[in-house]
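Comments concern the structure below.
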Amino acid sequence: MENRIELYHRHTDLTVTQISLLERMRVVFPFLADLAHGQLKVYVPAREKGRLLIIAQERPHTVYMSRQKSDLGRLQPAIEEPLVRQTLQTGMPGHGKREWTYGSLIDMYTYAIHDGAKVIGVISFEVDGDRLQIDDYPCLLATAVDILYHARKGVDDKQYQPISSSDGIMITDQFSRIIFANAAAQRIYRVLGVGSLKGGHLFDRQMTRHILRETMERDRPWQKELVAGNMTIIRRQIDLQEGGQLIRRIVVLSDITEIRAKDKEIRIKSAVIQEIHHRVKNNLQTIASLLRLQARRSQSEEVKNALQESVNRVLSISVVHEFLSQQGEEDINVQQVMQQIFQLVGRNMADSEFFVRTEFSGPDVVLPSKYASSLALVLNELVLNAMEHAFEGRSSGTIGLRVEEDGDHWQLDLYDDGCGLPENFDPHKTRSLGLSIVRTLIEGDLDGMFDLENDARGPGHGTHARIRIPKPDPDEHHGVVQSLEE
């Protein structure tokens with residue numbers, strides 16, 4: 001569908017100023033649909049005679065209405081909308097019935113949108129009044145019209161966030177006397193020991209005596225978080241003023257008691273999980289220290305080397321737990337883990353006179369921790385393998401990691417500029433423990449594919465360990481996190 005501005009220019013004779021006015025008002029349309037508990041549409045006269053262009057359509061969040069196809073951008077025959085046509089011609093509000101579904105009638109209210117004395121459009125609310133049964137409903141409609149007029153000058157869209165069906169709504173007059181309160185607002189205040197709301201003063205001591213704490217956001221001075229009794233409430237206040245004088249005040253109350261309790265529970269669980277990761281990391285480092293001690297006491301170089309490899313395997317897993325203990329998240333950045341592994345291997349395995357350069361390229365790979373531990377072990381084994389075999393007789397070398405996205409898979413290429421694989425080397429038949437671990441982890445734990453090959457330029461130009469792993473299913477990961485939170 002064409003964008004809105006193109007629709008205006010293609011199908012109407014509205015001026016740039018009039019279009020700008022309608023676009024400023026658009027900010028409040030979702031809020032108005034929620035406040036009126038009905039579907040909102042905005043009609044403007046089309047250039048084509050006898051037609052109306054529908055330039056806005058919003059469905060309410062506060063009440064259920066059976067879904068119908070969108071009419072946004074539609075050129076509607078004016079003869080099919082007599083109420084809209086009447087309001088366009090006279091500028092006066094209209095009220096009547098229209099068919100919603102076959103055999104089902106709902107109320108339709110229409111109000112003019114003016115540019116000076118000229119009517120440039122009509123806003124309509126389609127409301128199932130028979131089922132709605134809200135006392136003082138005309139007050140809601142009058143407030144919606146006031147907001148529409150107020151929005152001509154431009155308003156903060158954050159202040160007019162949608163209303164949910166569970167939110168309390170209160171409206172006051174210019175003296176802050178409550179002239180409307182819906183059932184949700186009455187329920188909230190009933191819990192706080194306040195009986196009748198209508199007719200009371202918004203800032204009466206009876207209304208505020210149970211408030212224990214108020215927290216105001218600096219960038220949202222019209223919104224507060226209140227703690228009253230055992231309840232936590234977000235209180236949003238919208239003041240409609242004219243010439244510096246209050247005309248009407250709208251207060252929206254959102255009970256977030258359960259949300260805050262859930263947030264607190266999650267923070268506690270997150271802290272516990274961080275502490276567990278911290279302890280696991282410490283235990284793994286203790287094991288690594290014991291293995292080092294055993295290696296120093298051994299008289300066999302073969303045993304020393306085997307134990308040192310085990311130290312690196314243990315420490316590569318501890319790297320993952322260290323990240324998790326520090327950031328408090330269940331995701332791991334693979335490149336950051338790789339950098340840590342390079343440092344570990346360089347510190348524990350490389351000769352003091354050997355210099356290794358590291359390279360990284362491609363997008364960041366972020367994996368859930370259950371995958372990251374296996375991948376850390378894989379990268380550790382491959383780096384160890386490169387350090388042991390690729391740079392024999394050299395004083396320096398390069399090891400790099402290149403990452404590419406391939407649809408729903410990650411392609412990881414761990415490469416070096418060493419001597420390459422021996423002639424007739426078959427990675428599938430090797431008896432190397434390290435490569436066996438790599439293949440088992442990639443194909444078993446990560447459900448991926450692994451291949452080891454010489455650089456395309458041939459032997460002597462380095463080796464490429466290519467890993468292809470599927471991206472974790474975000475829905476599955478969300479489900480795991482959600483189950484932990486529950």
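Going through the structure tokens in order, the chains are called A, B, and so on, while each chain numbers its residues from 1 and the ligands are numbered from 1 in the order shown.
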
Can you list every residue in range 152-209 of chain A that DSSP puts in strand (DSSP E or B), as a PyMOL selection string?
-> chain A and resi 168-172+177-181+201

Write to file, as an mmCIF file, in the first residue's frame, the residues of the selection just made, with all heavy atoms.
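Written output follows (out.cif):
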```cif
data_model
loop_
_atom_site.group_PDB
_atom_site.id
_atom_site.type_symbol
_atom_site.label_atom_id
_atom_site.label_comp_id
_atom_site.auth_asym_id
_atom_site.auth_seq_id
_atom_site.Cartn_x
_atom_site.Cartn_y
_atom_site.Cartn_z
ATOM 1 N N GLY A 168 -7.040 1.258 34.933
ATOM 2 C CA GLY A 168 -8.043 2.150 35.482
ATOM 3 C C GLY A 168 -8.007 3.489 34.770
ATOM 4 O O GLY A 168 -6.927 3.992 34.428
ATOM 5 N N ILE A 169 -9.189 4.071 34.526
ATOM 6 C CA ILE A 169 -9.289 5.375 33.873
ATOM 7 C C ILE A 169 -10.124 6.293 34.757
ATOM 8 O O ILE A 169 -11.240 5.945 35.144
ATOM 9 C CB ILE A 169 -9.945 5.264 32.486
ATOM 10 C CG1 ILE A 169 -9.159 4.302 31.584
ATOM 11 C CG2 ILE A 169 -10.054 6.642 31.822
ATOM 12 C CD1 ILE A 169 -9.868 3.991 30.274
ATOM 13 N N MET A 170 -9.566 7.465 35.069
ATOM 14 C CA MET A 170 -10.316 8.494 35.788
ATOM 15 C C MET A 170 -10.218 9.803 35.009
ATOM 16 O O MET A 170 -9.161 10.116 34.443
ATOM 17 C CB MET A 170 -9.774 8.695 37.206
ATOM 18 C CG MET A 170 -9.964 7.497 38.120
ATOM 19 S SD MET A 170 -9.591 7.871 39.864
ATOM 20 C CE MET A 170 -7.865 8.324 39.773
ATOM 21 N N ILE A 171 -11.315 10.553 34.981
ATOM 22 C CA ILE A 171 -11.353 11.850 34.302
ATOM 23 C C ILE A 171 -11.891 12.875 35.295
ATOM 24 O O ILE A 171 -12.867 12.616 36.015
ATOM 25 C CB ILE A 171 -12.247 11.792 33.055
ATOM 26 C CG1 ILE A 171 -11.695 10.754 32.060
ATOM 27 C CG2 ILE A 171 -12.343 13.161 32.380
ATOM 28 C CD1 ILE A 171 -12.605 10.469 30.887
ATOM 29 N N THR A 172 -11.243 14.031 35.335
ATOM 30 C CA THR A 172 -11.690 15.095 36.237
ATOM 31 C C THR A 172 -12.085 16.329 35.431
ATOM 32 O O THR A 172 -11.719 16.474 34.262
ATOM 33 C CB THR A 172 -10.582 15.493 37.226
ATOM 34 O OG1 THR A 172 -9.608 16.316 36.562
ATOM 35 C CG2 THR A 172 -9.892 14.273 37.814
ATOM 36 N N ARG A 177 -12.180 17.583 40.200
ATOM 37 C CA ARG A 177 -13.221 16.701 40.726
ATOM 38 C C ARG A 177 -13.421 15.551 39.751
ATOM 39 O O ARG A 177 -13.507 15.761 38.533
ATOM 40 C CB ARG A 177 -14.532 17.465 40.929
ATOM 41 C CG ARG A 177 -14.549 18.375 42.140
ATOM 42 C CD ARG A 177 -15.979 18.799 42.472
ATOM 43 N NE ARG A 177 -16.578 19.491 41.348
ATOM 44 C CZ ARG A 177 -16.657 20.833 41.253
ATOM 45 N NH1 ARG A 177 -16.168 21.597 42.215
ATOM 46 N NH2 ARG A 177 -17.234 21.385 40.212
ATOM 47 N N ILE A 178 -13.522 14.344 40.265
ATOM 48 C CA ILE A 178 -13.642 13.153 39.421
ATOM 49 C C ILE A 178 -15.048 13.086 38.840
ATOM 50 O O ILE A 178 -16.037 13.025 39.584
ATOM 51 C CB ILE A 178 -13.321 11.881 40.225
ATOM 52 C CG1 ILE A 178 -11.885 11.950 40.765
ATOM 53 C CG2 ILE A 178 -13.500 10.637 39.360
ATOM 54 C CD1 ILE A 178 -11.546 10.854 41.755
ATOM 55 N N ILE A 179 -15.123 13.105 37.496
ATOM 56 C CA ILE A 179 -16.426 13.029 36.829
ATOM 57 C C ILE A 179 -16.620 11.678 36.127
ATOM 58 O O ILE A 179 -17.721 11.369 35.674
ATOM 59 C CB ILE A 179 -16.606 14.182 35.815
ATOM 60 C CG1 ILE A 179 -15.484 14.154 34.767
ATOM 61 C CG2 ILE A 179 -16.640 15.530 36.534
ATOM 62 C CD1 ILE A 179 -15.630 15.206 33.667
ATOM 63 N N PHE A 180 -15.541 10.892 36.060
ATOM 64 C CA PHE A 180 -15.659 9.547 35.467
ATOM 65 C C PHE A 180 -14.604 8.645 36.083
ATOM 66 O O PHE A 180 -13.450 9.036 36.271
ATOM 67 C CB PHE A 180 -15.470 9.591 33.950
ATOM 68 C CG PHE A 180 -15.455 8.222 33.309
ATOM 69 C CD1 PHE A 180 -16.646 7.606 32.936
ATOM 70 C CD2 PHE A 180 -14.264 7.525 33.113
ATOM 71 C CE1 PHE A 180 -16.645 6.338 32.373
ATOM 72 C CE2 PHE A 180 -14.255 6.261 32.553
ATOM 73 C CZ PHE A 180 -15.449 5.666 32.184
ATOM 74 N N ALA A 181 -14.990 7.424 36.385
ATOM 75 C CA ALA A 181 -14.049 6.400 36.860
ATOM 76 C C ALA A 181 -14.572 5.047 36.398
ATOM 77 O O ALA A 181 -15.726 4.689 36.671
ATOM 78 C CB ALA A 181 -13.924 6.429 38.379
ATOM 79 N N HIS A 201 -12.498 14.561 45.136
ATOM 80 C CA HIS A 201 -11.382 15.351 44.621
ATOM 81 C C HIS A 201 -10.179 14.440 44.420
ATOM 82 O O HIS A 201 -9.859 13.613 45.278
ATOM 83 C CB HIS A 201 -11.035 16.483 45.589
ATOM 84 C CG HIS A 201 -10.162 17.538 44.979
ATOM 85 N ND1 HIS A 201 -8.803 17.392 44.847
ATOM 86 C CD2 HIS A 201 -10.474 18.758 44.446
ATOM 87 C CE1 HIS A 201 -8.293 18.474 44.271
ATOM 88 N NE2 HIS A 201 -9.295 19.321 44.024
#
```

**Request:** Enumerate, as number ranges by chain, the complete set of residues in range 328-393 of chain A that a backbone-based DSSP assignment places in alpha helix (DSSP H).
**Result:** A: 334-348, 369-389

Given the selection you just returned, output its residues as a file containing C-alpha atoms, formatted as a PDB file, in the first residue's frame.
```pdb
ATOM      1  CA  VAL A 334      32.056 -16.331  20.713  1.00  0.00           C
ATOM      2  CA  GLN A 335      34.693 -13.796  19.617  1.00  0.00           C
ATOM      3  CA  GLN A 336      35.272 -12.694  23.224  1.00  0.00           C
ATOM      4  CA  VAL A 337      35.656 -16.307  24.334  1.00  0.00           C
ATOM      5  CA  MET A 338      38.068 -16.884  21.462  1.00  0.00           C
ATOM      6  CA  GLN A 339      40.264 -13.985  22.545  1.00  0.00           C
ATOM      7  CA  GLN A 340      40.440 -15.431  26.060  1.00  0.00           C
ATOM      8  CA  ILE A 341      41.367 -18.852  24.700  1.00  0.00           C
ATOM      9  CA  PHE A 342      44.151 -17.313  22.587  1.00  0.00           C
ATOM     10  CA  GLN A 343      45.550 -15.715  25.729  1.00  0.00           C
ATOM     11  CA  LEU A 344      45.298 -18.985  27.683  1.00  0.00           C
ATOM     12  CA  VAL A 345      47.028 -21.031  25.020  1.00  0.00           C
ATOM     13  CA  GLY A 346      49.652 -18.381  24.434  1.00  0.00           C
ATOM     14  CA  ARG A 347      50.389 -18.190  28.153  1.00  0.00           C
ATOM     15  CA  ASN A 348      50.351 -21.939  28.872  1.00  0.00           C
ATOM     16  CA  SER A 369      25.708 -20.885  27.199  1.00  0.00           C
ATOM     17  CA  LYS A 370      24.825 -24.547  26.609  1.00  0.00           C
ATOM     18  CA  TYR A 371      26.306 -24.219  23.088  1.00  0.00           C
ATOM     19  CA  ALA A 372      29.123 -21.880  24.103  1.00  0.00           C
ATOM     20  CA  SER A 373      30.809 -24.399  26.420  1.00  0.00           C
ATOM     21  CA  SER A 374      31.066 -26.981  23.641  1.00  0.00           C
ATOM     22  CA  LEU A 375      32.252 -24.394  21.124  1.00  0.00           C
ATOM     23  CA  ALA A 376      34.864 -23.088  23.576  1.00  0.00           C
ATOM     24  CA  LEU A 377      36.267 -26.612  23.902  1.00  0.00           C
ATOM     25  CA  VAL A 378      36.279 -26.979  20.116  1.00  0.00           C
ATOM     26  CA  LEU A 379      38.150 -23.701  19.587  1.00  0.00           C
ATOM     27  CA  ASN A 380      40.583 -24.590  22.363  1.00  0.00           C
ATOM     28  CA  GLU A 381      41.437 -27.936  20.738  1.00  0.00           C
ATOM     29  CA  LEU A 382      41.908 -26.347  17.314  1.00  0.00           C
ATOM     30  CA  VAL A 383      44.138 -23.569  18.647  1.00  0.00           C
ATOM     31  CA  LEU A 384      46.186 -26.117  20.611  1.00  0.00           C
ATOM     32  CA  ASN A 385      46.516 -28.219  17.468  1.00  0.00           C
ATOM     33  CA  ALA A 386      47.715 -25.213  15.471  1.00  0.00           C
ATOM     34  CA  MET A 387      50.234 -24.191  18.141  1.00  0.00           C
ATOM     35  CA  GLU A 388      51.656 -27.726  18.347  1.00  0.00           C
ATOM     36  CA  HIS A 389      51.917 -28.572  14.672  1.00  0.00           C
TER      37      HIS A 389
END
```

Please provide as a PyMOL selection string all residues within 10 Å of Tyr415 in chain A, with the sequence filter that same-chain residues fewer than 3 positions apart are discarded (counting only C-alpha atoms). chain A and resi 359+382-383+386+398-402+412+418+452-455+462-466

Discussion item. Need the shell around Ser436 in chain A: protein/DNA/RNA residues with any atom at most 12 Å away, counting only C-alpha atoms. Skip same-chain ones fewer than 4 positions apart. Format as a list of chain:residue names?
Written reply: A:Leu377, A:Val378, A:Glu381, A:Leu382, A:Asn385, A:Pro427, A:His428, A:Lys429, A:Thr430, A:Arg431, A:Ser432, A:Thr440, A:Leu441, A:Ile442, A:Glu443, A:Gly444, A:Phe450

Produce a file of the selected residues containing all heavy atoms, as a CSV table (one decimal), in the first residue's frame.
```csv
chain,number,residue,atom,x,y,z
A,377,LEU,N,35.4,-25.4,23.9
A,377,LEU,CA,36.3,-26.6,23.9
A,377,LEU,C,36.8,-26.9,22.5
A,377,LEU,O,38.0,-27.2,22.3
A,377,LEU,CB,35.5,-27.8,24.4
A,377,LEU,CG,35.7,-28.2,25.9
A,377,LEU,CD1,34.8,-29.4,26.3
A,377,LEU,CD2,37.1,-28.5,26.2
A,378,VAL,N,35.9,-26.8,21.5
A,378,VAL,CA,36.3,-27.0,20.1
A,378,VAL,C,37.4,-26.0,19.7
A,378,VAL,O,38.4,-26.4,19.2
A,378,VAL,CB,35.1,-26.8,19.2
A,378,VAL,CG1,35.5,-26.7,17.7
A,378,VAL,CG2,34.1,-28.0,19.4
A,381,GLU,N,40.7,-26.8,21.3
A,381,GLU,CA,41.4,-27.9,20.7
A,381,GLU,C,42.1,-27.5,19.4
A,381,GLU,O,43.2,-27.9,19.1
A,381,GLU,CB,40.5,-29.1,20.5
A,381,GLU,CG,39.9,-29.7,21.8
A,381,GLU,CD,41.0,-30.3,22.6
A,381,GLU,OE1,42.0,-30.8,22.1
A,381,GLU,OE2,40.8,-30.4,23.9
A,382,LEU,N,41.4,-26.7,18.6
A,382,LEU,CA,41.9,-26.3,17.3
A,382,LEU,C,43.1,-25.4,17.5
A,382,LEU,O,44.1,-25.5,16.7
A,382,LEU,CB,40.8,-25.7,16.5
A,382,LEU,CG,39.7,-26.7,16.0
A,382,LEU,CD1,38.6,-25.9,15.4
A,382,LEU,CD2,40.2,-27.8,15.1
A,385,ASN,N,46.0,-27.4,18.6
A,385,ASN,CA,46.5,-28.2,17.5
A,385,ASN,C,47.4,-27.4,16.6
A,385,ASN,O,48.5,-27.8,16.1
A,385,ASN,CB,45.3,-28.8,16.7
A,385,ASN,CG,45.8,-29.8,15.7
A,385,ASN,OD1,46.3,-30.9,16.0
A,385,ASN,ND2,45.6,-29.5,14.4
A,427,PRO,N,41.4,-36.3,7.9
A,427,PRO,CA,40.9,-35.9,9.2
A,427,PRO,C,39.9,-36.9,9.8
A,427,PRO,O,39.7,-37.0,11.0
A,427,PRO,CB,40.3,-34.6,9.0
A,427,PRO,CG,40.0,-34.5,7.5
A,427,PRO,CD,41.1,-35.3,6.9
A,428,HIS,N,39.3,-37.7,8.9
A,428,HIS,CA,38.3,-38.7,9.3
A,428,HIS,C,38.9,-39.9,9.9
A,428,HIS,O,38.3,-40.7,10.6
A,428,HIS,CB,37.3,-39.0,8.2
A,428,HIS,CG,36.5,-37.9,7.7
A,428,HIS,ND1,35.4,-37.5,8.3
A,428,HIS,CD2,36.7,-37.0,6.7
A,428,HIS,CE1,34.9,-36.4,7.7
A,428,HIS,NE2,35.7,-36.1,6.7
A,429,LYS,N,40.2,-40.2,9.5
A,429,LYS,CA,40.8,-41.4,10.0
A,429,LYS,C,41.9,-41.2,11.0
A,429,LYS,O,42.5,-42.1,11.5
A,429,LYS,CB,41.5,-42.1,8.8
A,429,LYS,CG,40.4,-42.6,7.8
A,429,LYS,CD,41.1,-43.3,6.6
A,429,LYS,CE,40.1,-43.8,5.6
A,429,LYS,NZ,40.7,-44.5,4.4
A,430,THR,N,42.1,-39.9,11.4
A,430,THR,CA,43.2,-39.6,12.3
A,430,THR,C,42.8,-40.2,13.7
A,430,THR,O,41.6,-40.2,14.1
A,430,THR,CB,43.5,-38.1,12.4
A,430,THR,OG1,44.5,-37.9,13.4
A,430,THR,CG2,42.2,-37.4,12.9
A,431,ARG,N,43.8,-40.5,14.5
A,431,ARG,CA,43.6,-41.1,15.9
A,431,ARG,C,43.9,-40.0,16.9
A,431,ARG,O,44.0,-40.3,18.1
A,431,ARG,CB,44.5,-42.3,16.1
A,431,ARG,CG,44.2,-43.4,15.1
A,431,ARG,CD,45.0,-44.6,15.4
A,431,ARG,NE,44.7,-45.2,16.7
A,431,ARG,CZ,45.3,-46.3,17.2
A,431,ARG,NH1,46.3,-46.9,16.5
A,431,ARG,NH2,45.0,-46.7,18.4
A,432,SER,N,44.0,-38.7,16.4
A,432,SER,CA,44.3,-37.6,17.4
A,432,SER,C,43.1,-37.5,18.3
A,432,SER,O,41.9,-37.3,17.9
A,432,SER,CB,44.5,-36.3,16.6
A,432,SER,OG,44.4,-35.2,17.4
A,440,THR,N,33.4,-34.9,17.7
A,440,THR,CA,32.3,-35.3,18.6
A,440,THR,C,31.4,-34.2,19.1
A,440,THR,O,30.2,-34.2,19.1
A,440,THR,CB,32.8,-36.1,19.8
A,440,THR,OG1,33.5,-37.2,19.3
A,440,THR,CG2,31.7,-36.6,20.7
A,441,LEU,N,32.1,-33.1,19.5
A,441,LEU,CA,31.4,-31.9,20.0
A,441,LEU,C,30.6,-31.2,18.9
A,441,LEU,O,29.4,-30.8,19.1
A,441,LEU,CB,32.3,-30.9,20.7
A,441,LEU,CG,32.9,-31.4,22.0
A,441,LEU,CD1,34.0,-30.4,22.4
A,441,LEU,CD2,31.9,-31.5,23.1
A,442,ILE,N,31.2,-31.0,17.8
A,442,ILE,CA,30.5,-30.3,16.7
A,442,ILE,C,29.3,-31.1,16.1
A,442,ILE,O,28.2,-30.6,16.0
A,442,ILE,CB,31.5,-30.0,15.5
A,442,ILE,CG1,32.5,-28.9,16.0
A,442,ILE,CG2,30.8,-29.4,14.3
A,442,ILE,CD1,33.6,-28.6,15.0
A,443,GLU,N,29.6,-32.4,15.8
A,443,GLU,CA,28.5,-33.2,15.2
A,443,GLU,C,27.5,-33.7,16.3
A,443,GLU,O,26.3,-33.8,15.9
A,443,GLU,CB,29.1,-34.4,14.5
A,443,GLU,CG,30.0,-33.9,13.3
A,443,GLU,CD,30.6,-35.1,12.6
A,443,GLU,OE1,30.5,-36.3,13.1
A,443,GLU,OE2,31.3,-34.9,11.6
A,444,GLY,N,27.9,-33.9,17.5
A,444,GLY,CA,27.0,-34.4,18.5
A,444,GLY,C,26.3,-33.3,19.3
A,444,GLY,O,25.1,-33.2,19.2
A,450,PHE,N,32.0,-30.4,10.3
A,450,PHE,CA,33.4,-30.0,10.5
A,450,PHE,C,34.3,-30.5,9.4
A,450,PHE,O,34.1,-31.7,9.0
A,450,PHE,CB,33.9,-30.5,11.9
A,450,PHE,CG,35.4,-30.4,12.1
A,450,PHE,CD1,35.9,-29.1,12.2
A,450,PHE,CD2,36.2,-31.5,12.1
A,450,PHE,CE1,37.3,-29.0,12.4
A,450,PHE,CE2,37.6,-31.4,12.3
A,450,PHE,CZ,38.1,-30.1,12.5
```

| said: I'd like the neighbourhood of Leu148 in chain A as a VMD selection string, where a residue qualifies if any of its atoms comes within 12 Å (using only C-alpha atoms), though same-chain residues fewer than 4 positions away should be ignored. | reply: chain A and resid 21 to 33 35 42 111 to 114 122 to 124 141 to 144 152 to 155 160 240

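Reported to one decimal place, the separation of CA of Gly397 in chain A from CA of Asp417 in chain A is 6.5 Å.
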
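Between Pro470 in chain A and the candidates A:Ser395, A:Gln411, A:Asn424, A:Thr215, the tightest atom-to-atom separation, counting only C-alpha atoms, involves A:Gln411.
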
| field | Distance query Thr257 in chain A at most 12 Å, only C-alpha atoms, self and fewer than 6 positions along chain excluded, as a PyMOL selection string | value | chain A and resi 188+225-234+263-264

Go ahead and write the selection's residues with all heavy atoms as an mmCIF file, in the first residue's frame.
```cif
data_model
loop_
_atom_site.group_PDB
_atom_site.id
_atom_site.type_symbol
_atom_site.label_atom_id
_atom_site.label_comp_id
_atom_site.auth_asym_id
_atom_site.auth_seq_id
_atom_site.Cartn_x
_atom_site.Cartn_y
_atom_site.Cartn_z
ATOM 1 N N ILE A 188 -9.147 -0.785 41.948
ATOM 2 C CA ILE A 188 -7.844 -0.448 42.522
ATOM 3 C C ILE A 188 -8.013 0.343 43.812
ATOM 4 O O ILE A 188 -7.391 0.039 44.843
ATOM 5 C CB ILE A 188 -6.995 0.342 41.500
ATOM 6 C CG1 ILE A 188 -6.563 -0.580 40.334
ATOM 7 C CG2 ILE A 188 -5.761 0.958 42.167
ATOM 8 C CD1 ILE A 188 -5.900 0.139 39.175
ATOM 9 N N GLU A 225 5.470 6.061 39.622
ATOM 10 C CA GLU A 225 5.259 4.702 40.133
ATOM 11 C C GLU A 225 4.929 4.837 41.611
ATOM 12 O O GLU A 225 5.712 5.393 42.381
ATOM 13 C CB GLU A 225 6.487 3.831 39.923
ATOM 14 C CG GLU A 225 6.288 2.403 40.420
ATOM 15 C CD GLU A 225 7.429 1.473 40.043
ATOM 16 O OE1 GLU A 225 7.846 1.499 38.864
ATOM 17 O OE2 GLU A 225 7.893 0.730 40.937
ATOM 18 N N LEU A 226 3.762 4.349 41.997
ATOM 19 C CA LEU A 226 3.280 4.476 43.365
ATOM 20 C C LEU A 226 3.279 3.121 44.056
ATOM 21 O O LEU A 226 2.910 2.109 43.452
ATOM 22 C CB LEU A 226 1.849 5.042 43.390
ATOM 23 C CG LEU A 226 1.575 6.326 42.594
ATOM 24 C CD1 LEU A 226 0.096 6.682 42.682
ATOM 25 C CD2 LEU A 226 2.431 7.468 43.102
ATOM 26 N N VAL A 227 3.689 3.109 45.299
ATOM 27 C CA VAL A 227 3.545 1.925 46.147
ATOM 28 C C VAL A 227 2.515 2.277 47.203
ATOM 29 O O VAL A 227 2.700 3.207 47.994
ATOM 30 C CB VAL A 227 4.881 1.523 46.792
ATOM 31 C CG1 VAL A 227 4.675 0.348 47.740
ATOM 32 C CG2 VAL A 227 5.909 1.170 45.722
ATOM 33 N N ALA A 228 1.407 1.553 47.189
ATOM 34 C CA ALA A 228 0.318 1.808 48.132
ATOM 35 C C ALA A 228 -0.159 0.476 48.679
ATOM 36 O O ALA A 228 -0.643 -0.380 47.923
ATOM 37 C CB ALA A 228 -0.826 2.539 47.446
ATOM 38 N N GLY A 229 -0.033 0.292 49.993
ATOM 39 C CA GLY A 229 -0.372 -0.999 50.565
ATOM 40 C C GLY A 229 0.529 -2.070 49.980
ATOM 41 O O GLY A 229 1.753 -1.933 49.957
ATOM 42 N N ASN A 230 -0.069 -3.127 49.448
ATOM 43 C CA ASN A 230 0.698 -4.198 48.803
ATOM 44 C C ASN A 230 0.693 -4.063 47.291
ATOM 45 O O ASN A 230 1.086 -4.989 46.585
ATOM 46 C CB ASN A 230 0.106 -5.561 49.193
ATOM 47 C CG ASN A 230 0.272 -5.858 50.662
ATOM 48 O OD1 ASN A 230 1.292 -5.525 51.256
ATOM 49 N ND2 ASN A 230 -0.743 -6.477 51.262
ATOM 50 N N MET A 231 0.270 -2.915 46.792
ATOM 51 C CA MET A 231 0.139 -2.717 45.355
ATOM 52 C C MET A 231 1.219 -1.775 44.825
ATOM 53 O O MET A 231 1.646 -0.852 45.520
ATOM 54 C CB MET A 231 -1.243 -2.135 45.016
ATOM 55 C CG MET A 231 -2.415 -3.017 45.397
ATOM 56 S SD MET A 231 -3.998 -2.238 44.989
ATOM 57 C CE MET A 231 -3.920 -2.286 43.204
ATOM 58 N N THR A 232 1.625 -2.031 43.580
ATOM 59 C CA THR A 232 2.508 -1.119 42.856
ATOM 60 C C THR A 232 1.748 -0.662 41.610
ATOM 61 O O THR A 232 1.270 -1.495 40.834
ATOM 62 C CB THR A 232 3.822 -1.802 42.451
ATOM 63 O OG1 THR A 232 4.443 -2.343 43.625
ATOM 64 C CG2 THR A 232 4.764 -0.810 41.795
ATOM 65 N N ILE A 233 1.642 0.648 41.447
ATOM 66 C CA ILE A 233 0.790 1.210 40.399
ATOM 67 C C ILE A 233 1.583 2.225 39.590
ATOM 68 O O ILE A 233 2.314 3.056 40.150
ATOM 69 C CB ILE A 233 -0.449 1.905 41.023
ATOM 70 C CG1 ILE A 233 -1.271 0.900 41.841
ATOM 71 C CG2 ILE A 233 -1.313 2.553 39.939
ATOM 72 C CD1 ILE A 233 -2.271 1.563 42.757
ATOM 73 N N ILE A 234 1.444 2.157 38.266
ATOM 74 C CA ILE A 234 1.937 3.218 37.389
ATOM 75 C C ILE A 234 0.790 4.200 37.178
ATOM 76 O O ILE A 234 -0.296 3.808 36.734
ATOM 77 C CB ILE A 234 2.417 2.675 36.039
ATOM 78 C CG1 ILE A 234 3.683 1.829 36.202
ATOM 79 C CG2 ILE A 234 2.679 3.816 35.057
ATOM 80 C CD1 ILE A 234 4.916 2.609 36.581
ATOM 81 N N ASP A 263 9.789 -9.252 38.452
ATOM 82 C CA ASP A 263 11.106 -8.655 38.214
ATOM 83 C C ASP A 263 12.049 -8.935 39.375
ATOM 84 O O ASP A 263 13.220 -9.262 39.175
ATOM 85 C CB ASP A 263 10.968 -7.139 38.011
ATOM 86 C CG ASP A 263 10.323 -6.774 36.691
ATOM 87 O OD1 ASP A 263 10.268 -7.653 35.811
ATOM 88 O OD2 ASP A 263 9.880 -5.618 36.533
ATOM 89 N N LYS A 264 11.525 -8.792 40.596
ATOM 90 C CA LYS A 264 12.349 -9.042 41.779
ATOM 91 C C LYS A 264 12.800 -10.496 41.837
ATOM 92 O O LYS A 264 13.957 -10.800 42.125
ATOM 93 C CB LYS A 264 11.559 -8.678 43.039
ATOM 94 C CG LYS A 264 12.349 -8.858 44.323
ATOM 95 C CD LYS A 264 11.512 -8.452 45.541
ATOM 96 C CE LYS A 264 12.306 -8.634 46.831
ATOM 97 N NZ LYS A 264 11.495 -8.249 48.011
#
```

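Here CA of Val251 in chain A and CA of Gly38 in chain A stand 19.3 Å from one another.
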
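In this model, the gap between CA of Asn333 in chain A and CA of Ile266 in chain A comes to 22.3 Å.
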
Write out as a PyMOL selection string the residues lying within 12 Å of Ile120 in chain A, counting only C-alpha atoms and excluding same-chain residues fewer than 2 positions away.
-> chain A and resi 8+12-15+17-22+42-46+52-53+84-85+87-91+111-118+122-123

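Closest to Val356 in chain A among A:Glu301, A:Asp156, A:Asp416, A:Asp447 is A:Asp416, based on only C-alpha atoms.
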
Among A:Glu423, A:His95, A:Gln274, A:Asp451, Leu435 in chain A is approached most closely, using only C-alpha atoms, by A:Asp451

Using only C-alpha atoms, the best pick from A:Asp173, A:Glu405, A:Asp71, A:Asp413 as closest to Cys139 in chain A would be A:Asp173
